[in-house]
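Note: the block below is my_file-v5.tsv and it holds TSV, C-alpha atoms.
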```tsv
chain	number	residue	atom	x	y	z
A	1	MET	CA	-21.50	6.61	-28.01
A	2	ALA	CA	-19.90	8.97	-25.54
A	3	ARG	CA	-16.59	10.70	-24.86
A	4	VAL	CA	-15.23	9.09	-21.70
A	5	LEU	CA	-12.43	9.98	-19.26
A	6	VAL	CA	-10.99	6.86	-17.58
A	7	VAL	CA	-9.37	7.31	-14.15
A	8	ASP	CA	-7.47	4.53	-12.37
A	9	ASP	CA	-3.99	4.41	-10.84
A	10	ALA	CA	-3.30	1.06	-12.52
A	11	ALA	CA	-2.39	1.32	-16.22
A	12	PHE	CA	-3.72	-2.21	-16.57
A	13	MET	CA	-7.17	-1.21	-15.32
A	14	ARG	CA	-7.25	1.86	-17.57
A	15	LYS	CA	-6.61	-0.50	-20.47
A	16	MET	CA	-9.32	-2.95	-19.31
A	17	VAL	CA	-11.92	-0.22	-18.79
A	18	GLY	CA	-10.86	1.48	-22.04
A	19	ASP	CA	-11.09	-1.77	-24.02
A	20	ALA	CA	-14.55	-2.46	-22.61
A	21	LEU	CA	-15.76	1.04	-23.49
A	22	THR	CA	-14.30	0.91	-26.99
A	23	LYS	CA	-16.05	-2.45	-27.46
A	24	GLY	CA	-19.27	-0.75	-26.38
A	25	GLY	CA	-18.83	1.94	-29.06
A	26	HIS	CA	-17.56	4.70	-26.78
A	27	GLU	CA	-14.48	6.87	-27.22
A	28	VAL	CA	-11.82	7.17	-24.50
A	29	VAL	CA	-10.80	10.82	-24.73
A	30	GLY	CA	-8.38	10.82	-21.81
A	31	GLU	CA	-6.88	8.95	-18.90
A	32	ALA	CA	-5.74	9.94	-15.43
A	33	GLY	CA	-3.78	8.05	-12.77
A	34	ASN	CA	-4.86	9.90	-9.62
A	35	GLY	CA	-7.54	12.24	-8.32
A	36	THR	CA	-5.61	15.45	-8.96
A	37	GLU	CA	-5.03	14.54	-12.61
A	38	ALA	CA	-8.67	13.45	-12.87
A	39	VAL	CA	-10.00	16.89	-11.87
A	40	ALA	CA	-7.55	18.65	-14.22
A	41	GLN	CA	-8.42	16.33	-17.10
A	42	TYR	CA	-12.12	16.76	-16.44
A	43	GLN	CA	-11.82	20.53	-16.77
A	44	ALA	CA	-9.64	20.30	-19.87
A	45	LEU	CA	-11.60	17.61	-21.73
A	46	LYS	CA	-15.20	18.07	-20.54
A	47	PRO	CA	-15.99	14.37	-21.04
A	48	GLU	CA	-19.60	13.18	-21.18
A	49	VAL	CA	-18.86	10.35	-18.73
A	50	THR	CA	-15.99	9.79	-16.27
A	51	THR	CA	-15.07	6.46	-14.68
A	52	LEU	CA	-13.34	6.87	-11.30
A	53	ASP	CA	-11.35	4.39	-9.22
A	54	ILE	CA	-11.42	5.05	-5.45
A	55	THR	CA	-8.08	3.86	-4.05
A	56	MET	CA	-5.50	6.08	-5.73
A	57	PRO	CA	-2.37	7.94	-4.58
A	58	GLU	CA	-2.32	11.72	-3.93
A	59	LYS	CA	-6.06	12.27	-4.13
A	60	ASP	CA	-8.53	9.41	-3.92
A	61	GLY	CA	-11.56	8.93	-6.13
A	62	LEU	CA	-14.13	10.10	-3.59
A	63	ALA	CA	-12.33	13.43	-3.11
A	64	ALA	CA	-12.02	13.79	-6.89
A	65	LEU	CA	-15.73	12.95	-7.33
A	66	LYS	CA	-16.73	15.71	-4.89
A	67	GLU	CA	-14.51	18.26	-6.68
A	68	ILE	CA	-15.82	17.30	-10.11
A	69	ILE	CA	-19.45	17.56	-8.94
A	70	ALA	CA	-18.65	20.95	-7.35
A	71	LEU	CA	-17.22	22.15	-10.67
A	72	ASP	CA	-20.03	20.65	-12.72
A	73	PRO	CA	-23.15	19.51	-10.83
A	74	GLY	CA	-24.35	17.71	-13.98
A	75	ALA	CA	-21.19	15.60	-14.30
A	76	ARG	CA	-21.86	11.95	-15.08
A	77	VAL	CA	-19.44	9.89	-13.00
A	78	VAL	CA	-19.37	6.10	-12.65
A	79	MET	CA	-17.27	4.76	-9.76
A	80	CYS	CA	-15.23	1.69	-10.61
A	81	SER	CA	-13.55	0.28	-7.53
A	82	ALA	CA	-12.53	-2.92	-5.80
A	83	LEU	CA	-13.73	-1.42	-2.51
A	84	GLY	CA	-17.30	-2.65	-2.59
A	85	GLN	CA	-18.17	-1.86	1.03
A	86	GLU	CA	-21.64	-0.48	1.46
A	87	SER	CA	-20.27	2.70	3.06
A	88	LYS	CA	-18.18	3.46	-0.07
A	89	VAL	CA	-21.10	2.84	-2.40
A	90	LEU	CA	-23.41	5.03	-0.33
A	91	GLU	CA	-20.86	7.82	0.02
A	92	SER	CA	-20.29	7.80	-3.75
A	93	ILE	CA	-23.96	7.88	-4.64
A	94	LYS	CA	-24.62	10.62	-2.07
A	95	ALA	CA	-21.76	12.66	-3.53
A	96	GLY	CA	-23.37	12.44	-6.95
A	97	ALA	CA	-22.00	9.32	-8.69
A	98	ARG	CA	-24.45	7.77	-11.16
A	99	ASP	CA	-23.40	4.15	-10.64
A	100	PHE	CA	-20.87	1.95	-8.87
A	101	VAL	CA	-19.08	-0.94	-10.58
A	102	VAL	CA	-17.22	-3.34	-8.26
A	103	LYS	CA	-14.00	-4.87	-9.58
A	104	PRO	CA	-13.40	-7.48	-10.80
A	105	PHE	CA	-16.06	-6.76	-13.43
A	106	GLN	CA	-17.27	-8.12	-16.74
A	107	PRO	CA	-16.80	-5.65	-19.64
A	108	ASP	CA	-20.57	-5.59	-20.20
A	109	ARG	CA	-21.12	-4.24	-16.69
A	110	VAL	CA	-18.99	-1.16	-17.47
A	111	ILE	CA	-20.75	-0.60	-20.78
A	112	GLU	CA	-24.13	-0.92	-19.05
A	113	ALA	CA	-23.15	1.55	-16.30
A	114	VAL	CA	-21.93	4.13	-18.81
A	115	GLY	CA	-25.09	3.60	-20.89
A	116	LYS	CA	-27.26	4.18	-17.82
A	117	ALA	CA	-25.32	7.32	-16.88
A	118	LEU	CA	-26.02	8.74	-20.35
A	119	ALA	CA	-29.74	7.92	-20.27
Q	1	MET	CA	-9.89	-17.92	21.01
Q	2	SER	CA	-6.09	-18.19	21.01
Q	3	THR	CA	-3.82	-15.83	19.10
Q	4	GLY	CA	-2.75	-18.72	16.86
Q	5	ALA	CA	-6.35	-19.55	16.01
Q	6	ALA	CA	-7.19	-15.89	15.32
Q	7	LEU	CA	-4.15	-15.58	13.04
Q	8	THR	CA	-5.00	-18.79	11.22
Q	9	ARG	CA	-8.55	-17.60	10.72
Q	10	LEU	CA	-7.25	-14.32	9.35
Q	11	ALA	CA	-4.95	-16.13	6.92
Q	12	GLN	CA	-7.71	-18.51	5.81
Q	13	SER	CA	-10.15	-15.71	5.20
Q	14	SER	CA	-7.61	-13.72	3.17
Q	15	SER	CA	-6.53	-16.86	1.34
Q	16	GLU	CA	-10.11	-17.56	0.26
Q	17	ALA	CA	-10.52	-13.96	-0.89
Q	18	ALA	CA	-7.27	-14.20	-2.86
Q	19	VAL	CA	-8.17	-17.51	-4.50
Q	20	GLY	CA	-11.61	-16.20	-5.44
Q	21	ILE	CA	-10.11	-13.21	-7.24
Q	22	LEU	CA	-7.22	-15.10	-8.85
Q	23	GLU	CA	-9.66	-17.72	-10.18
Q	24	LEU	CA	-11.50	-14.97	-12.06
Q	25	PHE	CA	-8.26	-13.83	-13.70
Q	26	ALA	CA	-6.73	-17.24	-14.34
Q	27	PRO	CA	-9.60	-19.77	-14.34
Q	28	GLY	CA	-8.58	-23.32	-13.44
Q	29	GLN	CA	-4.99	-22.29	-12.79
Q	30	VAL	CA	-5.16	-21.51	-9.08
Q	31	GLN	CA	-4.57	-23.97	-6.27
Q	32	ALA	CA	-4.67	-23.08	-2.60
Q	33	GLY	CA	-1.95	-24.54	-0.41
Q	34	ASP	CA	-1.42	-24.56	3.33
Q	35	VAL	CA	-1.74	-21.73	5.81
Q	36	ALA	CA	0.95	-21.27	8.47
Q	37	VAL	CA	1.75	-18.97	11.36
Q	38	LEU	CA	5.39	-17.84	10.98
Q	39	ASP	CA	7.92	-17.34	13.76
Q	40	ALA	CA	8.47	-13.75	14.80
Q	41	GLY	CA	11.74	-12.46	13.38
Q	42	SER	CA	11.86	-14.91	10.48
Q	43	ASN	CA	11.99	-13.65	6.90
Q	44	PRO	CA	8.48	-14.20	5.49
Q	45	LEU	CA	9.85	-14.25	1.94
Q	46	ALA	CA	12.50	-16.90	2.61
Q	47	GLY	CA	12.55	-20.11	0.62
Q	48	LEU	CA	10.89	-18.87	-2.56
Q	49	PRO	CA	12.50	-19.22	-5.98
Q	50	TYR	CA	14.02	-15.90	-7.16
Q	51	PRO	CA	13.73	-13.57	-9.06
Q	52	ALA	CA	10.39	-12.81	-7.49
Q	53	VAL	CA	7.84	-10.01	-7.68
Q	54	ALA	CA	6.26	-8.72	-4.49
Q	55	THR	CA	3.26	-6.40	-4.20
Q	56	SER	CA	2.50	-4.89	-0.82
Q	57	VAL	CA	-0.66	-3.20	0.41
Q	58	SER	CA	-1.10	-1.64	3.82
Q	59	TYR	CA	-4.28	-0.94	5.74
Q	60	VAL	CA	-4.70	2.81	6.06
Q	61	ASP	CA	-7.07	2.95	8.99
Q	62	GLY	CA	-9.41	0.79	10.97
Q	63	VAL	CA	-6.64	-1.77	11.27
Q	64	THR	CA	-2.87	-1.30	11.16
Q	65	GLY	CA	-0.88	-3.94	9.31
Q	66	GLY	CA	0.12	-4.96	5.87
Q	67	ASN	CA	0.06	-7.68	3.27
Q	68	VAL	CA	2.63	-8.85	0.77
Q	69	PHE	CA	1.74	-11.03	-2.20
Q	70	VAL	CA	4.85	-12.56	-3.69
Q	71	MET	CA	5.26	-14.77	-6.72
Q	72	THR	CA	8.04	-15.80	-9.07
Q	73	LEU	CA	8.84	-13.42	-11.92
Q	74	GLU	CA	7.67	-16.10	-14.34
Q	75	GLY	CA	4.44	-16.54	-12.37
Q	76	ALA	CA	3.80	-12.79	-12.34
Q	77	ARG	CA	4.31	-12.68	-16.10
Q	78	LYS	CA	1.90	-15.59	-16.63
Q	79	LEU	CA	-0.72	-14.05	-14.34
Q	80	ALA	CA	-0.45	-10.71	-16.15
Q	81	ALA	CA	-0.82	-12.46	-19.52
Q	82	ALA	CA	-3.87	-14.37	-18.27
Q	83	MET	CA	-5.40	-11.11	-16.95
Q	84	MET	CA	-4.96	-9.49	-20.36
Q	85	GLY	CA	-6.47	-12.48	-22.09
Q	86	ALA	CA	-3.19	-13.15	-23.87
Q	87	GLY	CA	-2.69	-16.79	-22.85
Q	88	GLU	CA	1.07	-17.33	-22.62
Q	89	PRO	CA	3.39	-14.38	-22.00
Q	90	GLU	CA	5.80	-13.26	-24.73
Q	91	PRO	CA	9.22	-14.86	-24.22
Q	92	SER	CA	11.51	-12.35	-22.52
Q	93	ASP	CA	14.98	-12.24	-20.99
Q	94	ALA	CA	14.23	-9.06	-19.09
Q	95	GLY	CA	14.87	-9.33	-15.37
Q	96	GLU	CA	11.73	-7.42	-14.50
Q	97	LEU	CA	8.15	-6.92	-15.53
Q	98	THR	CA	7.03	-4.44	-18.14
Q	99	GLU	CA	5.05	-1.48	-16.83
Q	100	LEU	CA	1.76	-3.00	-17.97
Q	101	GLU	CA	2.59	-6.40	-16.45
Q	102	ALA	CA	3.53	-4.79	-13.12
Q	103	SER	CA	0.32	-2.80	-13.22
Q	104	ALA	CA	-1.75	-5.95	-13.83
Q	105	VAL	CA	-0.12	-7.78	-10.90
Q	106	SER	CA	-0.64	-4.71	-8.68
Q	107	GLU	CA	-4.28	-4.59	-9.67
Q	108	ALA	CA	-4.76	-8.29	-8.89
Q	109	MET	CA	-3.31	-7.59	-5.43
Q	110	ASN	CA	-5.50	-4.51	-5.03
Q	111	GLN	CA	-8.63	-6.52	-5.75
Q	112	MET	CA	-7.56	-9.42	-3.51
Q	113	MET	CA	-6.85	-7.09	-0.61
Q	114	ALA	CA	-10.02	-5.06	-1.12
Q	115	THR	CA	-12.02	-8.28	-0.97
Q	116	ALA	CA	-10.12	-9.50	2.09
Q	117	ALA	CA	-10.58	-6.09	3.74
Q	118	GLY	CA	-14.32	-6.38	3.14
Q	119	ALA	CA	-14.38	-9.75	4.90
Q	120	ILE	CA	-12.26	-8.44	7.79
Q	121	SER	CA	-14.51	-5.36	8.09
Q	122	THR	CA	-17.45	-7.68	8.59
Q	123	VAL	CA	-15.65	-9.65	11.32
Q	124	LEU	CA	-14.41	-6.55	13.15
Q	125	GLY	CA	-17.60	-4.58	12.64
Q	126	THR	CA	-15.67	-1.51	11.41
Q	127	ASP	CA	-14.57	-0.43	7.95
Q	128	VAL	CA	-11.07	-1.49	7.02
Q	129	GLU	CA	-9.49	0.55	4.24
Q	130	ILE	CA	-6.44	-0.23	2.15
Q	131	GLY	CA	-3.72	1.86	0.58
Q	132	THR	CA	-2.46	1.70	-2.98
Q	133	PRO	CA	-0.33	-1.32	-3.94
Q	134	GLU	CA	3.43	-1.06	-4.37
Q	135	THR	CA	5.21	-3.60	-6.58
Q	136	ARG	CA	8.94	-4.47	-6.36
Q	137	THR	CA	11.17	-7.04	-8.01
Q	138	PHE	CA	13.71	-8.98	-5.89
Q	139	LEU	CA	16.56	-10.66	-7.75
Q	140	ALA	CA	17.76	-12.74	-4.82
Q	141	GLU	CA	16.55	-13.71	-1.38
Q	142	TYR	CA	19.07	-11.56	0.52
Q	143	GLN	CA	17.38	-8.44	-0.87
Q	144	THR	CA	14.17	-9.35	0.94
Q	145	ALA	CA	15.74	-9.52	4.41
Q	146	ASN	CA	14.51	-6.14	5.70
Q	147	ALA	CA	12.25	-5.21	2.83
Q	148	TYR	CA	9.12	-4.90	4.98
Q	149	PRO	CA	8.72	-3.59	8.53
Q	150	ALA	CA	8.88	-6.36	11.13
Q	151	THR	CA	5.68	-7.10	13.05
Q	152	PRO	CA	5.20	-9.34	16.11
Q	153	HIS	CA	3.01	-11.76	14.16
Q	154	MET	CA	3.09	-13.08	10.63
Q	155	VAL	CA	0.95	-15.56	8.74
Q	156	ARG	CA	1.34	-16.84	5.24
Q	157	ALA	CA	-0.92	-18.67	2.83
Q	158	ALA	CA	0.63	-20.63	-0.03
Q	159	PHE	CA	-0.83	-20.95	-3.53
Q	160	SER	CA	0.08	-22.08	-6.95
Q	161	VAL	CA	-0.92	-19.76	-9.79
Q	162	CYS	CA	-0.34	-20.76	-13.42
Q	163	GLY	CA	1.87	-23.58	-12.11
Q	164	GLU	CA	4.17	-21.16	-10.24
Q	165	PRO	CA	4.50	-20.94	-6.45
Q	166	CYS	CA	3.33	-17.81	-4.68
Q	167	ARG	CA	2.36	-16.77	-1.20
Q	168	LEU	CA	0.35	-14.15	0.60
Q	169	VAL	CA	2.08	-12.90	3.75
Q	170	GLN	CA	0.24	-10.88	6.36
Q	171	LEU	CA	2.25	-8.66	8.67
Q	172	VAL	CA	0.20	-8.40	11.81
Q	173	PRO	CA	0.81	-5.98	14.70
Q	174	ASN	CA	-0.36	-6.80	18.23
Q	175	ALA	CA	-3.21	-4.30	18.19
Q	176	PHE	CA	-4.72	-6.13	15.25
Q	177	VAL	CA	-4.56	-9.52	16.96
Q	178	VAL	CA	-6.24	-8.14	20.07
Q	179	ARG	CA	-9.11	-6.70	18.04
Q	180	MET	CA	-9.41	-9.79	15.87
Q	181	ASP	CA	-9.35	-11.99	18.96
Q	182	ARG	CA	-12.13	-10.04	20.62
Q	183	ALA	CA	-14.28	-9.97	17.51
Q	184	LEU	CA	-13.82	-13.67	16.88
Q	185	ASP	CA	-14.54	-14.50	20.51
Q	186	GLU	CA	-17.83	-12.67	20.27
Q	187	LEU	CA	-18.72	-14.63	17.17
Q	188	GLY	CA	-16.83	-17.77	18.03
Q	189	ALA	CA	-18.72	-18.96	21.12
Q	190	GLU	CA	-21.47	-20.41	18.98
Q	191	THR	CA	-19.44	-21.18	15.86
Q	192	ALA	CA	-19.41	-24.90	15.19
Q	193	PRO	CA	-16.20	-26.34	13.73
Q	194	ALA	CA	-18.31	-27.49	10.79
Q	195	ALA	CA	-18.75	-23.87	9.69
Q	196	ALA	CA	-15.09	-23.56	8.70
Q	197	SER	CA	-15.12	-26.58	6.43
Q	198	THR	CA	-18.20	-25.48	4.51
Q	199	THR	CA	-16.55	-22.21	3.53
Q	200	SER	CA	-14.24	-23.90	1.01
Q	201	ALA	CA	-17.13	-24.11	-1.43
Q	202	SER	CA	-17.03	-20.39	-2.11
Q	203	PRO	CA	-19.67	-19.28	-4.59
Q	204	HIS	CA	-18.09	-17.75	-7.65
Q	205	GLY	CA	-18.12	-13.98	-7.61
Q	206	ALA	CA	-18.67	-13.73	-3.85
Q	207	PRO	CA	-15.30	-14.70	-2.38
Q	208	SER	CA	-15.55	-12.08	0.34
Q	209	LEU	CA	-18.46	-13.94	1.87
Q	210	ALA	CA	-16.59	-17.21	2.15
Q	211	GLY	CA	-14.50	-16.26	5.15
Q	212	ILE	CA	-17.17	-14.76	7.37
Q	213	PRO	CA	-17.84	-16.73	10.54
Q	214	VAL	CA	-21.51	-17.56	11.08
Q	215	ARG	CA	-23.41	-18.71	14.15
Q	216	VAL	CA	-24.51	-22.31	13.97
Q	217	TRP	CA	-26.75	-23.92	16.54
Q	218	ALA	CA	-28.89	-26.98	16.92
Q	219	GLU	CA	-32.40	-26.98	18.34
Q	220	LEU	CA	-33.91	-29.97	20.13
Q	221	GLY	CA	-37.42	-28.59	20.39
Q	222	ARG	CA	-39.54	-25.70	21.57
Q	223	ALA	CA	-42.23	-24.92	24.07
Q	224	SER	CA	-44.67	-22.08	24.26
Q	225	MET	CA	-46.10	-20.83	27.55
Q	226	PRO	CA	-47.40	-17.62	29.09
Q	227	THR	CA	-44.85	-15.31	30.69
Q	228	ALA	CA	-46.36	-15.81	34.14
Q	229	GLU	CA	-45.73	-19.52	33.88
Q	230	VAL	CA	-42.13	-18.96	32.71
Q	231	VAL	CA	-41.20	-16.65	35.57
Q	232	GLY	CA	-42.88	-19.02	37.99
Q	233	LEU	CA	-40.93	-22.10	36.94
Q	234	PRO	CA	-39.43	-23.67	40.07
Q	235	GLN	CA	-36.15	-25.56	40.13
Q	236	GLY	CA	-36.82	-29.12	39.11
Q	237	ALA	CA	-39.76	-28.24	36.88
Q	238	VAL	CA	-40.01	-30.15	33.62
Q	239	VAL	CA	-40.65	-28.19	30.44
Q	240	GLU	CA	-42.02	-30.39	27.71
Q	241	LEU	CA	-40.70	-29.75	24.23
Q	242	ASP	CA	-42.67	-30.29	21.06
Q	243	ARG	CA	-40.55	-33.00	19.58
Q	244	ALA	CA	-40.43	-36.77	19.94
Q	245	PRO	CA	-37.05	-38.36	20.72
Q	246	ASP	CA	-36.96	-40.17	17.37
Q	247	GLU	CA	-37.59	-37.01	15.32
Q	248	PRO	CA	-34.67	-35.18	13.66
Q	249	ILE	CA	-33.46	-31.95	15.24
Q	250	ASP	CA	-33.01	-28.63	13.45
Q	251	LEU	CA	-29.75	-26.91	12.61
Q	252	PHE	CA	-29.81	-23.12	12.32
Q	253	VAL	CA	-27.30	-20.81	10.64
Q	254	ASN	CA	-27.56	-17.15	11.66
Q	255	GLY	CA	-31.22	-17.61	12.57
Q	256	ARG	CA	-32.26	-19.46	9.45
Q	257	ARG	CA	-33.27	-23.13	9.59
Q	258	PHE	CA	-30.71	-24.71	7.34
Q	259	ALA	CA	-30.78	-28.47	7.84
Q	260	THR	CA	-32.20	-31.31	9.92
Q	261	GLY	CA	-30.14	-34.07	11.46
Q	262	ARG	CA	-29.51	-36.48	14.31
Q	263	LEU	CA	-27.83	-35.74	17.59
Q	264	VAL	CA	-24.70	-37.88	17.95
Q	265	VAL	CA	-21.59	-37.89	20.15
Q	266	VAL	CA	-18.19	-37.27	18.55
Q	267	ASP	CA	-15.03	-37.39	20.70
Q	268	GLY	CA	-17.14	-36.94	23.81
Q	269	ASP	CA	-18.95	-33.82	22.54
Q	270	TRP	CA	-22.42	-33.46	21.13
Q	271	ALA	CA	-22.54	-33.20	17.35
Q	272	VAL	CA	-25.21	-33.22	14.65
Q	273	ARG	CA	-25.15	-35.58	11.70
Q	274	ILE	CA	-26.95	-33.79	8.85
Q	275	GLU	CA	-29.77	-35.82	7.34
Q	276	SER	CA	-31.13	-33.28	4.91
Q	277	VAL	CA	-30.16	-29.76	3.90
Q	278	LEU	CA	-33.21	-27.63	3.26
Q	279	PRO	CA	-33.49	-25.87	-0.11
Q	280	SER	CA	-32.51	-22.24	0.45
Q	281	SER	CA	-35.87	-20.84	-0.62
Q	282	SER	CA	-38.14	-23.34	1.14
Q	283	ASP	CA	-37.88	-22.01	4.65
Q	284	SER	CA	-37.23	-18.33	5.07
Q	285	SER	CA	-38.44	-18.30	8.65
Q	286	ASP	CA	-36.18	-16.87	11.27
Q	287	THR	CA	-36.59	-17.75	14.90
Q	288	GLU	CA	-39.33	-15.21	15.56
Q	289	GLY	CA	-41.30	-16.20	12.49
Q	290	GLU	CA	-41.23	-19.79	13.53
Q	291	VAL	CA	-42.40	-19.00	17.04
Q	292	ALA	CA	-45.25	-16.88	15.76
Q	293	ARG	CA	-46.74	-19.74	13.82
Q	294	TRP	CA	-46.75	-22.16	16.71
Q	295	PRO	CA	-49.93	-23.43	18.22
Q	296	VAL	CA	-50.08	-22.62	21.92
Q	297	SER	CA	-49.60	-25.86	23.79
Q	298	SER	CA	-51.99	-26.70	26.55
```
Could you render the structure from this file as structure tokens?
Amino acid sequence: MARVLVVDDAAFMRKMVGDALTKGGHEVVGEAGNGTEAVAQYQALKPEVTTLDITMPEKDGLAALKEIIALDPGARVVMCSALGQESKVLESIKAGARDFVVKPFQPDRVIEAVGKALA
Amino acid sequence: MSTGAALTRLAQSSSEAAVGILELFAPGQVQAGDVAVLDAGSNPLAGLPYPAVATSVSYVDGVTGGNVFVMTLEGARKLAAAMMGAGEPEPSDAGELTELEASAVSEAMNQMMATAAGAISTVLGTDVEIGTPETRTFLAEYQTANAYPATPHMVRAAFSVCGEPCRLVQLVPNAFVVRMDRALDELGAETAPAAASTTSASPHGAPSLAGIPVRVWAELGRASMPTAEVVGLPQGAVVELDRAPDEPIDLFVNGRRFATGRLVVVDGDWAVRIESVLPSSSDSSDTEGEVARWPVSS
């Protein structure tokens, strides 16, 4: 059970990810719709795990990931994106993401990724 | 490869990506229709029932161009309901989608385009990135007239989702066609027509792989000889191959032996009639591996 910040520009995806996490016994403590909000929410809420979409307006998920890791090198971030290209996955992992979930996903995959990030 | 063929390939590849994603959201409720190259200057959204919901996504770099996925308002509502696991949508007289419905349709488009972009990246050999989706509702066809920037080329793929008509329109600038053309030419020289028809059986969960062209070739037989003998081969020399005329020949896909068959003539061209498709795990040898195991012929 962890306090999770869910970041995605689509309200629908925030609901899907949130529902999956709730099903897995986690608590969604906040949501953000772009990278700028994500960084602000991260600082305000100090979540144990953050899920981050990549393609978002204003500031994308990779930029947000780098800022969050700079603020808190121990941050546990799971990328959750439809862009499954190898270059995106590698860039995310290099920047400090713990896992990468490619959309469309099964709810169990999100729960597993968050579980692994906590381990 | 002609511009028309490159455009059709692009539309087919995107169409397969779209169907693969939509099938995950609305299982058993997606049917792919035809793919057509549209006349320059025509309205790509003409002829649909209105009100309609359109979601557009543009490529941000790698490739310039855009995509519009358009479906009837009723269809968008049904797709959103299916995506949320709700079955049928709540009855509504509202002329537009709720925020959550619009977000669901946008996300479906986002995932379709991300998958298609992955397939296109593979063809072009460079990363293709997409922007964030933008969803609009059109109450009547006249509103769509100049809704999206005109491009010299347009293709559209038709579908039916949840029993409602929809289409994926690709707005294609010249630069894109030139790059696509070149990339497909490089791949296309050895691409048998059969490769396109096999892609319809897209494995579930891997729709992006369904549209990737692969190299297919047939092999009559092999010979092994020292380099000195090869460079010394005079014109008119006969190189004996290791296979009898009544033996089947091998069909390779991207270097992997995939099937055996018989050489036949179809419409004046050589063709291979497949006799047996090898199980995927039985023969992992690529060309080099196969050569290495050969006995040296005398």
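Near stretch 1-11 of chain A, within a cut-off of 6 Å and counting all atoms listed in the file, sit the residues Gly25, His26, Glu27, Val28, Val29, Gly30, Glu31, Ala32, Gly33, Asn34, Pro47, Glu48, Val49, Thr50, Thr51, Leu52, Asp53 and Met56 of chain A; Ser103 of chain Q, with same-chain residues fewer than 4 positions away left out.
The two atoms in question, atom CA of Q:Gly163 and atom CA of Q:Glu23, are spaced 13.1 Å apart.
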I'd like the contact shell of stretch 30-44 of chain Q - 9 Å cut-off, all atoms listed in the file, skipping same-chain residues fewer than 6 positions apart - returned as a tab-separated table (two decimals) with C-alpha atoms, in the frame of the given file.
```
chain	number	residue	atom	x	y	z
Q	4	GLY	CA	-2.75	-18.72	16.86
Q	7	LEU	CA	-4.15	-15.58	13.04
Q	8	THR	CA	-5.00	-18.79	11.22
Q	11	ALA	CA	-4.95	-16.13	6.92
Q	12	GLN	CA	-7.71	-18.51	5.81
Q	15	SER	CA	-6.53	-16.86	1.34
Q	16	GLU	CA	-10.11	-17.56	0.26
Q	19	VAL	CA	-8.17	-17.51	-4.50
Q	22	LEU	CA	-7.22	-15.10	-8.85
Q	23	GLU	CA	-9.66	-17.72	-10.18
Q	144	THR	CA	14.17	-9.35	0.94
Q	145	ALA	CA	15.74	-9.52	4.41
Q	146	ASN	CA	14.51	-6.14	5.70
Q	150	ALA	CA	8.88	-6.36	11.13
Q	151	THR	CA	5.68	-7.10	13.05
Q	152	PRO	CA	5.20	-9.34	16.11
Q	153	HIS	CA	3.01	-11.76	14.16
Q	154	MET	CA	3.09	-13.08	10.63
Q	155	VAL	CA	0.95	-15.56	8.74
Q	156	ARG	CA	1.34	-16.84	5.24
Q	157	ALA	CA	-0.92	-18.67	2.83
Q	158	ALA	CA	0.63	-20.63	-0.03
Q	159	PHE	CA	-0.83	-20.95	-3.53
Q	160	SER	CA	0.08	-22.08	-6.95
Q	161	VAL	CA	-0.92	-19.76	-9.79
Q	162	CYS	CA	-0.34	-20.76	-13.42
Q	163	GLY	CA	1.87	-23.58	-12.11
Q	167	ARG	CA	2.36	-16.77	-1.20
Q	169	VAL	CA	2.08	-12.90	3.75
Q	170	GLN	CA	0.24	-10.88	6.36
Q	171	LEU	CA	2.25	-8.66	8.67
```
Fill in: Interface, chain A side, toward chain Q (12 Å; only C-alpha atoms) as a count of residues only
35
Worksheet entry | Spatial neighbours of stretch 266-275 of chain Q, 9 Å, only C-alpha atoms, chain gap at least 5 places, as a PyMOL selection string | chain Q and resi 218+248-249+251+259-261
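Between Q:Leu168 and the residues Q:Lys78, Q:Pro245, Q:Met109, Q:Pro27, the shortest atom-to-atom distance, using all atoms listed in the file, involves Q:Met109.
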Centre and edge lengths, as lines of an AutoDock Vina configuration file, for the axis-aligned box enclosing every listed atom of stretch 109-114 of chain Q with 6 Å of padding on each of the six sides, in Å to one decimal?
```
center_x = -6.7
center_y = -7.0
center_z = -3.2
size_x = 18.7
size_y = 16.9
size_z = 17.1
```
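When only C-alpha atoms are used to measure the gap to Q:Cys166, the shortest distance among Q:Ala18, Q:Ala94, Q:Leu139, Q:Val214 belongs to Q:Ala18.
Across the structure, atom CA of Q:Met180 and atom CA of Q:Ile120 are spaced 8.7 Å apart.
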Response to the item:
Across A:Val110, A:Val78, A:Ala117, A:Ala38, the smallest distance to A:Leu21, with only C-alpha atoms counted, is shown by A:Val110
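Of note, atom CA of Q:Asp250 and atom CA of Q:Val265 are spaced 16.2 Å apart.
For the point (4.7, -11.3, -22.2), the residues with an atom at a distance of at most 8 Å are Q:Arg77, Q:Lys78, Q:Ala80, Q:Ala81, Q:Glu88, Q:Pro89, Q:Glu90, Q:Pro91, Q:Ser92, Q:Glu101, counting all atoms listed in the file.
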Practice prompt. Might you pull out every residue within 8 Å of A:Leu62, with all atoms listed in the file counted and same-chain residues fewer than 4 positions away left off, and present them as a PyMOL selection string?
Written response: chain A and resi 54+66+91-92
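Using only C-alpha atoms, the nearest neighbour of Q:Leu97 within the list Q:Val53, Q:Met71, Q:Ala147, Q:Val60 is Q:Val53.
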